[in-house]
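Inspection log for the structure reproduced underneath, given as C-alpha cells.
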2 protein chains.
Amino acid sequence: MNPTDAADTCHGRVRDREATRQRILDSARELFTQEGYAQVSSRSIAAEAGVNVALINRYFGAKRGLLAEVIAEDAAFPQLVQGERQTLPRRIAEHVVHRTLGEGTPLQRALLHSLGDPDLKSVFEERLQSAIIGPLADYIGGPDARTRATLVAALLIGVGNVRRMGGADALMEADADALVQRLTGIVERCLEE
Amino acid sequence: MNPTDAADTCHGRVRDREATRQRILDSARELFTQEGYAQVSSRSIAAEAGVNVALINRYFGAKRGLLAEVIAEDAAFPQLVQGERQTLPRRIAEHVVHRTLGEGTPLQRALLHSLGDPDLKSVFEERLQSAIIGPLADYIGGPDARTRATLVAALLIGVGNVRRMGGADALMEADADALVQRLTGIVERCLEE
DNA sequence: TTGACAAGTCAACACTGTTTACTTATACCT
DNA sequence: AGGTATAAGTAAACAGTGTTGACTTGTCAA
C-alpha cells in the first residue's frame, strides 16, 4: 500500500508535516479574512483543518505566527508600484476606490480586522515597511521620499479603517469616477516634492 | 457618625454607587490609554479601582461599555472645527503634527490601541460620525460635504495608525513646519469642492 | 524485526469576560 | 428605636481563550 495515498491512517490521513502545515495555513487564511484575527480561535482553525490544536503552536510558534504567514503572501500593493511614474497617483486612487472600498484584498481584510492587536504590532510594522512604504519610496525617489510615501500609506490605511468602522458610507455612495479624480489629486499632493 | 465619612465600612469604603462608578471609570481610562483595551483585563481594572469585578458589568453592561464612556469624554477634535474657515486646513494639519504624531489625546491613544476590536466596532462607528465627520461636514458645507469630511477623517486616522504601527518614523523625523505645510496642502485638497 | 525519531494527541494550565445566586449595608417608614 | 425593602457589593462558577508538556503512535532506516 502506497503510504502517500489519500487513504490513510486510522485517523484518516497520512503523516505529512508539510501537508498538515498547509492545511492549517489554508484554514487560517480563510477564517482570518472572513471573520478577523481576534474572532477566530486556535481551536476553530484546528477543527476546520481537521488537525490537533497543539500543531498550530508546533508549526507556527503561536497564533500570531499564522497571521504573519498569511499576510506575507499578499502582494497586491507592490504590483501597483510599477509602470510609468506619471499615472501612479491615479493607479493608487483606483486601488483605493475599487479595492479598499470594495471587498479588499485578503491582506487588507485581515489587517483591518486585526489592526491594533498588541502581539500583531511587529507583524504589521514589518509588512507596512517592506510592502508599502519601502517600495513606494524607492519608486518615487527625490527628497523626503520616505515622508511622502508614508503620507500615502496613511491615506490608504485610513480609508480602509474608516470603511471598516462603517464611516465610509459617504465614500461608497459617491460617484466612483469623481472619487477617483479627487483621490488622484490628494495622492499627487502627498507625493509632491 | 456621619455615613459620608471616608472612614467607612468593614471593607474600607462607604457604599456609594456614583463614587464607585467613577472609580472604575478612572481606572479604566488610565489603563486603557496606557496599555490599550485588549491588554487590560476586567479584573485588573477592578483591582486598580479596589472594587469587585462584577460591578463593571453591573454598571457598564460589559467591558466595551467602559471604553465607550471613556472615549465619549474626549472632545479634542470638535474644538478644532471652530474659528474661521480659511485656516481650518492649517489647524487640522497642526493637530496631526502636534497631537496625533505626539502623545495623542486619550481618545486617540485608546482608539489606536483598540481599533479593529470586533465588539468595539459600533462604539467607534458612532464616535467617528458624531465627533469628527458630522461636525466637520456641517462646518465646511457645500456639495459632497460628507465625502470630503470623510477623506479628512481617513487621513487623520491613517496617520495615527501608521504611527502606532511604527511606520511614522519618517514623519516624526521630518521638519515639523514643513510637514504642517505639506499636510495643510493635502487637507485643502481633501476639502476642495 | 527492531529502534529511533518525527508527527500527532491529550489533558492540563492560567487566563479571559460574564452571569448567577448570595450577603450585607443603608435609608426609609412605622 | 426597630424592622424591613432595596440597593450595593461579593463570591463562585461558567464557558471560552492561547499555550504547554508529557504522552502515544505511525513511519522509515538499519
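Following the order of the C-alpha cells, first chain is A, next is B, and so on, with residues numbered from 1 inside each chain and ligands from 1 in the order they appear.
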
Exercise: stretch 1-17 of chain D partners within 12 Å, only C-alpha atoms (C1' of nucleotides), chain neighbours under 6 positions left out, as a ChimeraX atom specification: /A:38-44,63 /B:9-11,13-21,50-56,58-59 /C:14-30

Using only C-alpha atoms, tabulate the residues of stretch 40-151 of chain A lying at most 8 Å from any atom of stretch 160-181 of chain B, each with its closest atom pair and that distance in Å to one decimal, by chain and increasing residue number, as JSON lines.
{"residue": "A:Lys121", "atom": "CA", "partner": "B:Met165", "partner_atom": "CA", "distance": 6.0}
{"residue": "A:Ser122", "atom": "CA", "partner": "B:Met165", "partner_atom": "CA", "distance": 7.6}
{"residue": "A:Phe124", "atom": "CA", "partner": "B:Met165", "partner_atom": "CA", "distance": 6.6}
{"residue": "A:Glu125", "atom": "CA", "partner": "B:Met165", "partner_atom": "CA", "distance": 5.1}
{"residue": "A:Leu128", "atom": "CA", "partner": "B:Gly167", "partner_atom": "CA", "distance": 6.9}
{"residue": "A:Gln129", "atom": "CA", "partner": "B:Gly167", "partner_atom": "CA", "distance": 6.7}
{"residue": "A:Arg146", "atom": "CA", "partner": "B:Ala170", "partner_atom": "CA", "distance": 6.0}
{"residue": "A:Thr147", "atom": "CA", "partner": "B:Ala170", "partner_atom": "CA", "distance": 5.0}
{"residue": "A:Thr150", "atom": "CA", "partner": "B:Ala168", "partner_atom": "CA", "distance": 6.7}

Generate the output file for the selected residues, N, CA and C atoms, as a PDB file, in the first residue's frame.
ATOM      1  N   LYS A 121       1.502  43.829  16.378  1.00  0.00           N
ATOM      2  CA  LYS A 121       2.169  45.098  16.074  1.00  0.00           C
ATOM      3  C   LYS A 121       3.421  44.881  15.221  1.00  0.00           C
ATOM      4  N   SER A 122       4.274  43.989  15.684  1.00  0.00           N
ATOM      5  CA  SER A 122       5.537  43.789  14.982  1.00  0.00           C
ATOM      6  C   SER A 122       5.303  43.201  13.599  1.00  0.00           C
ATOM      7  N   PHE A 124       2.677  43.715  11.582  1.00  0.00           N
ATOM      8  CA  PHE A 124       2.224  44.767  10.684  1.00  0.00           C
ATOM      9  C   PHE A 124       3.326  45.777  10.418  1.00  0.00           C
ATOM     10  N   GLU A 125       4.074  46.064  11.450  1.00  0.00           N
ATOM     11  CA  GLU A 125       5.196  47.000  11.353  1.00  0.00           C
ATOM     12  C   GLU A 125       6.103  46.604  10.192  1.00  0.00           C
ATOM     13  N   LEU A 128       4.217  46.767   6.714  1.00  0.00           N
ATOM     14  CA  LEU A 128       3.961  48.130   6.255  1.00  0.00           C
ATOM     15  C   LEU A 128       5.189  48.700   5.571  1.00  0.00           C
ATOM     16  N   GLN A 129       6.326  48.479   6.177  1.00  0.00           N
ATOM     17  CA  GLN A 129       7.569  48.990   5.596  1.00  0.00           C
ATOM     18  C   GLN A 129       7.947  48.243   4.334  1.00  0.00           C
ATOM     19  N   ARG A 146      10.658  59.099   1.698  1.00  0.00           N
ATOM     20  CA  ARG A 146      10.032  58.271   2.724  1.00  0.00           C
ATOM     21  C   ARG A 146       8.869  59.006   3.395  1.00  0.00           C
ATOM     22  N   THR A 147       9.065  60.265   3.631  1.00  0.00           N
ATOM     23  CA  THR A 147       7.981  61.060   4.233  1.00  0.00           C
ATOM     24  C   THR A 147       6.751  61.058   3.336  1.00  0.00           C
ATOM     25  N   THR A 150       5.060  57.741   3.204  1.00  0.00           N
ATOM     26  CA  THR A 150       4.342  57.451   4.447  1.00  0.00           C
ATOM     27  C   THR A 150       2.971  58.114   4.453  1.00  0.00           C
TER      28      THR A 150
END

Residue contacts of B:Leu156 (10 Å, only C-alpha atoms (C1' of nucleotides)) excluding same-chain residues fewer than 3 positions away, as a PyMOL selection string: (chain A and resi 154-155+158-159) or (chain B and resi 92-93+95-96+100+132+150-153+159-161+187)

In stretch 53-193 of chain A, DSSP helix (DSSP H, G or I) residues written as a PyMOL selection string: chain A and resi 54-60+63-72+76-80+85-100+106-114+118-140+145-164+169-173+176-191

Writer output for current selection, C-alpha atoms, as an mmCIF file, in the first residue's frame:
data_model
loop_
_atom_site.group_PDB
_atom_site.id
_atom_site.type_symbol
_atom_site.label_atom_id
_atom_site.label_comp_id
_atom_site.auth_asym_id
_atom_site.auth_seq_id
_atom_site.Cartn_x
_atom_site.Cartn_y
_atom_site.Cartn_z
ATOM 1 C CA ALA A 54 -1.306 21.843 19.532
ATOM 2 C CA LEU A 55 0.039 21.605 16.000
ATOM 3 C CA ILE A 56 -0.594 25.300 15.467
ATOM 4 C CA ASN A 57 1.904 26.131 18.135
ATOM 5 C CA ARG A 58 4.223 23.391 16.995
ATOM 6 C CA TYR A 59 4.364 24.655 13.423
ATOM 7 C CA PHE A 60 3.809 28.384 13.803
ATOM 8 C CA LYS A 63 -1.421 32.080 16.695
ATOM 9 C CA ARG A 64 0.228 35.316 15.573
ATOM 10 C CA GLY A 65 2.676 33.294 13.502
ATOM 11 C CA LEU A 66 -0.258 32.119 11.434
ATOM 12 C CA LEU A 67 -1.343 35.636 10.601
ATOM 13 C CA ALA A 68 2.200 36.662 9.867
ATOM 14 C CA GLU A 69 2.447 33.913 7.293
ATOM 15 C CA VAL A 70 -0.973 34.675 5.833
ATOM 16 C CA ILE A 71 -0.323 38.350 5.246
ATOM 17 C CA ALA A 72 3.158 37.682 3.940
ATOM 18 C CA ALA A 76 -1.466 43.483 -4.147
ATOM 19 C CA PHE A 77 0.134 46.798 -3.396
ATOM 20 C CA PRO A 78 3.686 46.187 -4.611
ATOM 21 C CA GLN A 79 2.233 45.437 -8.035
ATOM 22 C CA LEU A 80 0.895 48.947 -8.049
ATOM 23 C CA ARG A 85 5.522 57.398 -12.788
ATOM 24 C CA GLN A 86 3.081 59.928 -14.176
ATOM 25 C CA THR A 87 -0.025 57.792 -13.707
ATOM 26 C CA LEU A 88 0.948 56.403 -10.293
ATOM 27 C CA PRO A 89 -1.412 58.670 -8.342
ATOM 28 C CA ARG A 90 -4.323 57.577 -10.500
ATOM 29 C CA ARG A 91 -3.416 53.909 -10.088
ATOM 30 C CA ILE A 92 -3.311 54.339 -6.331
ATOM 31 C CA ALA A 93 -6.611 56.204 -6.356
ATOM 32 C CA GLU A 94 -8.222 53.426 -8.353
ATOM 33 C CA HIS A 95 -6.777 50.879 -5.978
ATOM 34 C CA VAL A 96 -8.403 52.700 -3.090
ATOM 35 C CA VAL A 97 -11.787 53.033 -4.763
ATOM 36 C CA HIS A 98 -12.037 49.582 -6.269
ATOM 37 C CA ARG A 99 -10.102 47.515 -3.759
ATOM 38 C CA THR A 100 -10.009 49.225 -0.406
ATOM 39 C CA PRO A 106 -7.123 39.260 1.894
ATOM 40 C CA LEU A 107 -4.269 41.131 3.478
ATOM 41 C CA GLN A 108 -6.320 44.268 3.786
ATOM 42 C CA ARG A 109 -9.248 42.484 5.302
ATOM 43 C CA ALA A 110 -7.152 40.618 7.804
ATOM 44 C CA LEU A 111 -5.182 43.752 8.501
ATOM 45 C CA LEU A 112 -8.172 45.942 9.080
ATOM 46 C CA HIS A 113 -9.871 43.388 11.239
ATOM 47 C CA SER A 114 -6.845 42.899 13.343
ATOM 48 C CA PRO A 118 -0.905 44.022 20.501
ATOM 49 C CA ASP A 119 1.003 40.957 19.555
ATOM 50 C CA LEU A 120 0.459 41.729 15.895
ATOM 51 C CA LYS A 121 2.169 45.098 16.074
ATOM 52 C CA SER A 122 5.537 43.789 14.982
ATOM 53 C CA VAL A 123 3.970 41.759 12.198
ATOM 54 C CA PHE A 124 2.224 44.767 10.684
ATOM 55 C CA GLU A 125 5.196 47.000 11.353
ATOM 56 C CA GLU A 126 7.401 44.849 9.195
ATOM 57 C CA ARG A 127 4.814 44.443 6.479
ATOM 58 C CA LEU A 128 3.961 48.130 6.255
ATOM 59 C CA GLN A 129 7.569 48.990 5.596
ATOM 60 C CA SER A 130 8.505 46.137 3.317
ATOM 61 C CA ALA A 131 5.337 46.023 1.232
ATOM 62 C CA ILE A 132 4.181 49.621 1.043
ATOM 63 C CA ILE A 133 6.361 52.446 2.277
ATOM 64 C CA GLY A 134 9.673 50.939 1.178
ATOM 65 C CA PRO A 135 8.771 50.104 -2.432
ATOM 66 C CA LEU A 136 6.856 53.330 -2.872
ATOM 67 C CA ALA A 137 9.667 55.478 -1.509
ATOM 68 C CA ASP A 138 12.178 53.750 -3.758
ATOM 69 C CA TYR A 139 9.895 54.236 -6.715
ATOM 70 C CA ILE A 140 9.168 57.921 -6.311
ATOM 71 C CA ALA A 145 10.749 60.198 -0.430
ATOM 72 C CA ARG A 146 10.032 58.271 2.724
ATOM 73 C CA THR A 147 7.981 61.060 4.233
ATOM 74 C CA ARG A 148 5.868 61.396 1.138
ATOM 75 C CA ALA A 149 5.422 57.649 0.825
ATOM 76 C CA THR A 150 4.342 57.451 4.447
ATOM 77 C CA LEU A 151 1.607 60.010 3.841
ATOM 78 C CA VAL A 152 0.208 57.934 1.013
ATOM 79 C CA ALA A 153 0.334 54.844 3.202
ATOM 80 C CA ALA A 154 -1.522 56.740 5.918
ATOM 81 C CA LEU A 155 -4.233 57.712 3.465
ATOM 82 C CA LEU A 156 -4.616 54.144 2.237
ATOM 83 C CA ILE A 157 -4.792 52.693 5.705
ATOM 84 C CA GLY A 158 -7.034 55.459 6.912
ATOM 85 C CA VAL A 159 -9.584 54.889 4.189
ATOM 86 C CA GLY A 160 -9.538 51.195 4.944
ATOM 87 C CA ASN A 161 -10.044 51.788 8.623
ATOM 88 C CA VAL A 162 -12.797 54.307 8.192
ATOM 89 C CA ARG A 163 -14.530 51.901 5.892
ATOM 90 C CA ARG A 164 -14.238 49.133 8.401
ATOM 91 C CA ASP A 169 -20.786 55.331 3.552
ATOM 92 C CA ALA A 170 -20.300 58.758 2.035
ATOM 93 C CA LEU A 171 -17.329 57.486 0.029
ATOM 94 C CA MET A 172 -19.080 54.370 -1.182
ATOM 95 C CA GLU A 173 -22.194 56.225 -2.233
ATOM 96 C CA ALA A 176 -16.738 56.350 -8.342
ATOM 97 C CA ASP A 177 -15.154 58.334 -11.151
ATOM 98 C CA ALA A 178 -15.400 61.598 -9.304
ATOM 99 C CA LEU A 179 -13.917 59.976 -6.230
ATOM 100 C CA VAL A 180 -11.025 58.559 -8.201
ATOM 101 C CA GLN A 181 -10.379 62.016 -9.566
ATOM 102 C CA ARG A 182 -10.456 63.584 -6.137
ATOM 103 C CA LEU A 183 -8.199 60.939 -4.650
ATOM 104 C CA THR A 184 -5.778 61.265 -7.537
ATOM 105 C CA GLY A 185 -5.408 64.926 -6.651
ATOM 106 C CA ILE A 186 -4.858 64.121 -2.988
ATOM 107 C CA VAL A 187 -2.246 61.476 -3.679
ATOM 108 C CA GLU A 188 -0.491 63.901 -6.037
ATOM 109 C CA ARG A 189 -0.399 66.401 -3.227
ATOM 110 C CA CYS A 190 1.065 63.761 -0.894
ATOM 111 C CA LEU A 191 3.792 62.894 -3.359
#

Residues of chain C at most 9 Å from chain A: nearest atom pair and distance in Å, only C-alpha atoms (C1' of nucleotides), as CSV:
residue,atom,partner,partner_atom,distance
C:DA7,C1',A:Arg15,CA,6.1
C:DG8,C1',A:Asn52,CA,7.3
C:DT9,C1',A:Asn52,CA,7.1

Residues of chain D were defined as contacting chain A if any atom lay at most 9 Å from it, counting only C-alpha atoms (C1' of nucleotides); please report them as a compact mmCIF listing (two decimals) with N, CA, C and O atoms (P, O5', C5', C4', C3', O3' and C1' of nucleotides), in the first residue's frame.
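What follows is the written file selection_39.txt:
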# COMPACT_ATOMS: atom_id res chain seq x y z
P DT D 17 -13.14 29.35 22.00
O5' DT D 17 -11.87 30.10 22.59
C5' DT D 17 -11.79 31.53 22.47
C4' DT D 17 -10.54 32.03 23.18
C3' DT D 17 -9.24 31.37 22.75
O3' DT D 17 -8.81 31.98 21.55
C1' DT D 17 -9.30 31.63 25.11
P DG D 18 -7.70 31.22 20.69
O5' DG D 18 -6.39 31.37 21.59
C5' DG D 18 -5.77 32.65 21.71
C4' DG D 18 -4.47 32.52 22.51
C3' DG D 18 -3.38 31.70 21.79
O3' DG D 18 -2.12 32.30 22.06
C1' DG D 18 -3.96 30.64 23.83
P DT D 19 -0.80 31.65 21.41
O5' DT D 19 -0.39 30.62 22.55
C5' DT D 19 -0.20 31.09 23.87
C4' DT D 19 0.26 29.97 24.77
C3' DT D 19 1.35 29.09 24.15
O3' DT D 19 2.50 29.16 24.99
C1' DT D 19 -0.37 27.79 25.16
P DT D 20 3.84 28.36 24.57
O5' DT D 20 3.73 27.09 25.51
C5' DT D 20 3.49 27.27 26.89
C4' DT D 20 3.48 25.91 27.59
C3' DT D 20 4.58 24.97 27.12
O3' DT D 20 5.32 24.56 28.26
C1' DT D 20 2.46 23.88 27.09
P DG D 26 -1.07 4.13 14.97
O5' DG D 26 -0.37 4.47 13.58
C5' DG D 26 -0.60 5.73 12.99
C4' DG D 26 0.69 6.25 12.40
C3' DG D 26 1.24 5.43 11.25
O3' DG D 26 1.34 6.29 10.13
C1' DG D 26 2.95 5.96 12.81
P DT D 27 1.60 5.70 8.68
O5' DT D 27 3.17 5.83 8.49
C5' DT D 27 3.74 7.13 8.57
C4' DT D 27 5.26 7.05 8.53
C3' DT D 27 5.81 6.10 7.45
O3' DT D 27 6.75 6.82 6.71
C1' DT D 27 6.84 5.70 9.53

Coordinates-based distance that separates atom C1' of C:DC10 from atom CA of A:Glu35 (Å, one decimal): 28.4 Å
